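Below is one structure, written out as structure tokens; comments come after it.
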Amino acid sequence: MRLSVDDIGVEVPEGATVLDAVRAAGVVVPTLCYDERLTPQGSCRVCLVGVRDRVVPACTTPATDEMDIRTGDESARDAARLALDLLVSQLPARALDIPAERSELVRACQHFGLTVTRFDGATRDAGVDHSHPYVKLDRDLCIACNRCVRMCAEVQGTFALELAGRGFDTVVVAGTGGPWVSSPCVACGGCVDSCPSGALSEPGLADPRPFSRTATTTCGYCGVGCTLRVHVRDSAVAAVTPVHDGPVNRGHACVKGRFAYAYSRSRDRLTRPLIRAGGRSSPLRPASWDEALAFAAAGLTTIRDRHGPDSIGMISSARATNEENYLAQKFARVALGTNNIDNCSRLCHAPSAVGLTAAFGHAGGTNSVDDLDDTDCILIAGANLTEAHPVVGARIKQLVLRGARLVVIDPRRIDLAEMADVHVQVRPGSNVAAFNGIARVLIDEGYADQDFLRTRANGLAELTALLADYPPEHAARLAGVAPETLVAAGRLYGAARRPAIVYGLGVTEHAHGTDGVRTLSNLAILKGAVGTPGCCGVLSMRGQNNVQGASDMGALPDLLPGYQPVTDAGVRARFNRTWQAEVPARPGLRILDMFAAAIAGRVRAMYVIGEDIAQTDPDSGNVRRALAACDFVVNHDLFLSATAEHADVVFPAVSFLEKEGTFVNFDRRVQRVRPALDPPGEARSDFDILHLLSRAMGVDLGCPTPAHAMAECAALTPTFAGISHARLDRDGPLHWPCRDAGDPGEGRLYLNSFATADGRAALAARPYLPPGEQPDGRFPYVLITGRGLAHYNSGSMSRRTPNRQLQPREVLDLHPDDAARLGLADGDLVEVTSRRAAVTYPVHLTDTVPPGQTFTTFSFPDAPTNALTSDAADSTTGCPEYKVTAVSLRPAGVDAEKQFPPAVAPPTR
Ligand SMILES: Nc1nc2c(c(=O)[nH]1)N[C@H]1C(S)=C(S)[C@@H](COP(=O)(O)OP(=O)(O)OC[C@H]3O[C@@H](n4cnc5c(=O)[nH]c(N)nc54)[C@H](O)[C@@H]3O)O[C@H]1N2
Ligand SMILES: Nc1nc2c(c(=O)[nH]1)N[C@H]1C(S)=C(S)[C@@H](COP(=O)(O)OP(=O)(O)OC[C@H]3O[C@@H](n4cnc5c(=O)[nH]c(N)nc54)[C@H](O)[C@@H]3O)O[C@H]1N2
Ligand code: SF4
Ligand code: SF4
Ligand code: FES
Ligand SMILES: [Mo]
């Protein structure tokens with residue numbers, strides 16, 4: 001459509017509003033009840049404009065071809081000014097003290113030349129609610145625009161808010177009206193971000209002083225990869241706000257990315273290198289960089305020269321950038337001369353990398369998250385999205401509210417199970433049986449896309465033969481569910497036009513995790529729901545901010561950057577030429593194998609970057625034995641982690657807030673990371689530390705800056721060849737594969753052919769096999785471990801923030817029937833014993849876990865969950881079976897408050 005705004009000609013798409021046209025023309029019309037993330041409400045009347053002889057609200061009026069819009073129309077302006085004047089007249093004067101860039105209300109007043117409130121003093125005196133650590137309410141500033149309510153409903157899907165009262169007294173209320181902190185609010189910050197008047201605010205925004213710096217970056221917590229703006233004042237983060245056109249988050253965020261930044265200036269951040277120079281029993285002491293580097297270089301060089309390069313095991317960080325991971329694997333292969341390099345992907349989505357590659361060709365999800373917009377049915381397996389990937393969880397809620405069907409396959413009644421059409425409450429470790437049962441339904445009931453199977457897939461005959469053993473009754477019995485439930489799940493997925501599969505660790509962290517990924521992928525292949533126009537494919541919910549990237553960059557024992565095999569002489573030759581070195585041909589050790597080799601004396605040194613293996617890796621007693629068996633341990637971290645306590649050298653690393661580079665999110669999007677803060681003390685980036693250490697060992701790794709490292713990686717890796725910092729800065733995030741500078745990158749993969757050897761998708765015939773660890777008479781319960789909303793993995797960051805007020809301590813979820821049997825009341829202490837250790841937790845009674853199962857996380861060192869977990873691992877990839885641990889429970893009879901005092905976050909500097 002072509003139309004004009006104050007005589008400026010503009011072109012707007014079909015469906016645009018008058019406001020869209022006004023903004024396209026670059027003309028300012030104030031708005032108060034409007035937010036581009038929400039359905040327009042048209043209630044405040046501040047956006048009135050003239051169209052011919054009428055006065056219309058710009059935000060709700062559709063634009064039409066050749067429309068002549070007049071923003072200066074006198075009657076429109078007068079009416080808008082009056083509406084605003086009335087609103088403002090009810091507010092206390094402090095409403096206008098907020099800096100204009102932080103208040104749409106103040107900007108609107110400036111626009112109309114309103115300087116003081118007319119009825120100053122005639123306020124409601126309704127008071128404040130400061131009960132929540134992050135979301136602060138000043139009721140007197142509420143203008144009842146309803147944006148917070150709509151934000152909570154239409155974007156977050158939590159429905160925590162409503163407007164209560166009448167007329168002058170209308171004000172937002174959380175939950176049933178008690179303190180905000182005890183409402184269902186999940187602290188996504190959406191309402192605060194939308195509030196135009198400052199009624200809803202947050203600690204960092206309450207201070208009227210300007211920010212000294214604002215950086216646009218990518219969240220460093222989870223793999224969703226939200227685009228955030230980090231605002232700095234007094235050399236610390238003052239606030240973080242979501243970028244409204246962030247490609248993944250679209251103006252949304254969660255309690256971690258949005259608010260949990262205080263760790264960055266926590267007093268116990270490491271600010272100087274530490275060394276243990278007097279032998280392993282001496283304490284760690286601060287050292288200069290020169291001394292620590294020389295000490296680390298000598299330690300590693302001695303072991304390499306005495307016991308050979310393969311006597312060193314290196315773990316690179318899925319929290320660090322691509323460029324740092326690129327450099328870390330180059331360090332292992334060039335400076336140490338070993339392929340003993342792995343990353344945290346081993347503990348989560350290694351089965352996805354291997355399983356998805358075998359099924360489709362690439363080691364990542366098949367589609368972009370944007371494709372979910374078009375889905376009519378989502379099948380979620382083993383992913384607790386509203387807590388672990390909250391921004392995607394919120395999106396899925398909205399899709400379901402708009403009519404998409406939902407199948408949830410999870411032993412626990414997670415949040416999304418509450419809105420599911422079918423909840424398949426499988427027994428932990430029985431996915432393959434359930435997925436095979438659903439596959440059987442797809443074939444038997446005619447949902448399989450025979451044409452697709454004939455032209456684009458292999459393996460149907462073998463699969464059909466195997467599925468003879470999986471009629472729904474039998475599959476359901478193995479999975480511990482009713483046959484009708486499996487059939488219903490199969491029918492919903494089968495009948496959908498554009499079904500999507502979204503899965504997480506409930507599929508991968510099992511003794512047969514790769515089989516889980518393959519048998520789940522079967523469903524998409526049978527249905528022809530992958531690699532076809534409009535399809536939604538299979539999304540693997542990668543966990544850490546850069547766990548996809550750490551593997552993409554080749555921090556893997558058998559693969560160089562871009563999943564190029566180290567065993568391929570041609571590939572090695574290319575790397576050798578660029579690196580001026582000899583990449584070893586033999587694949588190296590995986591993480592769990594490094595521990596076994598250390599205990600056996602074959603690995604003598606470990607170099608661990610940004611992973612707290614002593615807390616988060618399985619069977620931590622075993623990990624500690626491995627660390628103790630090493631002659632030398634090097635670690636980089638932000639804090640003195642449990643692993644750092646075992647190290648001989650600890651280098652102080654900087655967080656994502658303090659460095660430059662890129663991350664790859666769960667849907668293969670390469671996104672920029674930019675520094676907002678200066679490093680604390682003498683802390684340095686992992687990038688710089690690797691360079692300094694290699695130089696101290698007499699090796700120059702080249703690529704002096706992160707941009708150079710990305711360029712070198714791109715030149716060596718066909719699938720990243722088109723990616724560079726310059727291009728990301730210019731064009732925004734890019735999906736890989738991105739093969740040249742003109743390639744826009746591929747969100748939806750395989751439209752022409754799959755990237756397997758023969759270009760066809762591969763169905764897999766995999767039988768159900770029992771978990772590695774089974775409950776028995778002595779250990780009758782199954783302990784599931786996983787995530788909660790407020791804390792993140794080891795907790796090293798989230799525990800050092802006010803998130804600690806939201807969840808002060810670890811708890812064990814237990815069904816009330818089990819609790820009654822054990823004589824336990826809510827909050828009592830229970831001792832959990834596995835075949836390896838015993839750990840005490842306060843119990844939390846909930847029927848989200850079925851009887852016989854319990855659930856906890858692993859974010860608190862004083863309840864070391866991984867002392868319990870087993871070393872059983874995926875037979876294909878070595879990914880630990882974190883999701884199934886056989887345990888016994890016993891009342892522990894100690895006062896929970898004494899054993900687990902509700903700690904507050906330590907002070908910040
Ligand atoms: N708040 C928060 N967010 C996080 C993290 C965090 O620590 N805290 N960590 C990040 C990381 S590293 C990762 S990898 C992701 C993980 O994200 P998710 O994969 O969603 O995380 P989990 O909670 O470990 O496991 C998911 C679900 O699997 C279910 N499950 C267990 N066993 C089975 C089974 O046999 N079959 C099926 N179908 N389901 C099963 C569990 O009940 C659980 O609900 O989250 C990331 N985001
Ligand atoms: N029982 C149980 N255990 C599990 C799991 C489970 O489901 N159940 N899940 C597993 C999974 S999926 C994962 S991903 C792991 C996560 O385990 P970890 O990787 O150990 O945990 P994180 O807390 O993500 O971060 C590790 C460390 O990195 C540091 N760090 C953060 N940013 C940086 C940086 O930029 N540079 C450096 N050098 N350090 C940094 C943090 O301070 C922290 O100490 O846990 C695994 N452990
Ligand atoms: S912070 Fe998020 S969840 Fe909480 S009330 Fe606001 S919009 Fe709702
Ligand atoms: S959803 Fe993930 S990436 Fe987004 S703000 Fe939360 S933790 Fe950060
Ligand atoms: S912004 Fe248009 S009516 Fe409120
Ligand atoms: Mo993870």
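Ordered as shown in the structure tokens, chains take letters A, B, and onward, while each chain numbers its residues from 1 and ligands are numbered from 1 in the order shown.
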
Excluding A:Thr366 and any residue of its chain fewer than 3 positions from it, enumerate the residues within 12 Å of it, using only C-alpha atoms, and give them as a PyMOL selection string.
-> chain A and resi 352-353+355-357+359-363+369-372+500-502+521+524-525+529-532+535-541+666-668+735-737+746-751+754-755+761

List every residue of stretch 603-765 of chain A that DSSP, applied to the backbone, labels as strand (DSSP E or B), and write the result as a PyMOL selection string.
-> chain A and resi 605-609+632-637+649-653+661-664+669-673+684+734-735+761-762

Go ahead and write the residues just picked, C-alpha atoms, as a compact mmCIF listing (two decimals), in the first residue's frame.
# COMPACT_ATOMS: atom_id res chain seq x y z
CA ALA A 605 47.22 -33.76 33.73
CA MET A 606 43.82 -32.17 33.14
CA TYR A 607 43.21 -28.73 31.68
CA VAL A 608 39.62 -27.71 32.42
CA ILE A 609 38.12 -24.45 31.13
CA PHE A 632 48.78 -31.37 37.44
CA VAL A 633 45.42 -29.63 36.97
CA VAL A 634 44.84 -26.29 35.24
CA ASN A 635 41.49 -24.50 35.45
CA HIS A 636 39.95 -21.22 34.27
CA ASP A 637 36.81 -20.03 36.01
CA VAL A 649 46.76 -23.31 38.67
CA VAL A 650 43.53 -21.32 38.50
CA PHE A 651 43.33 -18.52 35.98
CA PRO A 652 40.72 -15.82 36.64
CA ALA A 653 38.42 -15.77 33.60
CA GLY A 661 33.06 -13.06 20.30
CA THR A 662 30.10 -15.17 19.18
CA PHE A 663 27.82 -17.93 20.51
CA VAL A 664 25.75 -20.45 18.55
CA ARG A 669 22.27 -19.23 14.90
CA VAL A 670 25.66 -17.58 15.21
CA GLN A 671 25.20 -14.41 17.27
CA ARG A 672 27.51 -11.67 18.49
CA VAL A 673 28.72 -11.28 22.04
CA ARG A 684 41.26 -12.09 31.41
CA LEU A 734 23.34 -16.09 10.69
CA HIS A 735 22.28 -19.72 10.73
CA ALA A 761 17.02 -39.47 5.65
CA ALA A 762 17.79 -42.60 7.62

Which chains and residue numbers are within 6 Å of ligand 6, counting only C-alpha atoms and all ligand atoms, if I want them as a VMD selection string?
-> chain A and resid 348 543 to 544

Counting only C-alpha atoms and all ligand atoms, name the residues that have an atom within 8 Å of an atom of ligand 4; the answer should be given as a list in words.
-> Thr218, Cys219, Gly220, Tyr221, Cys222, Gly223, Val224, Gly225, Cys226, Thr227, Leu228, Pro242, Asn249, His252, Ala253, Cys254, Val255, Lys256, Gly257, Arg258, Ala388, His389, Pro390, Val391, Val392 and Asn545 of chain A

Around ligand 1, at most 8 Å away and counting only C-alpha atoms and all ligand atoms, which residues are there? Put them as a PyMOL selection string, please.
-> chain A and resi 221-223+256+348-349+381-385+387-390+408-414+425-431+503-507+509-510+541-545+547+784-795+855+857-859+883-884
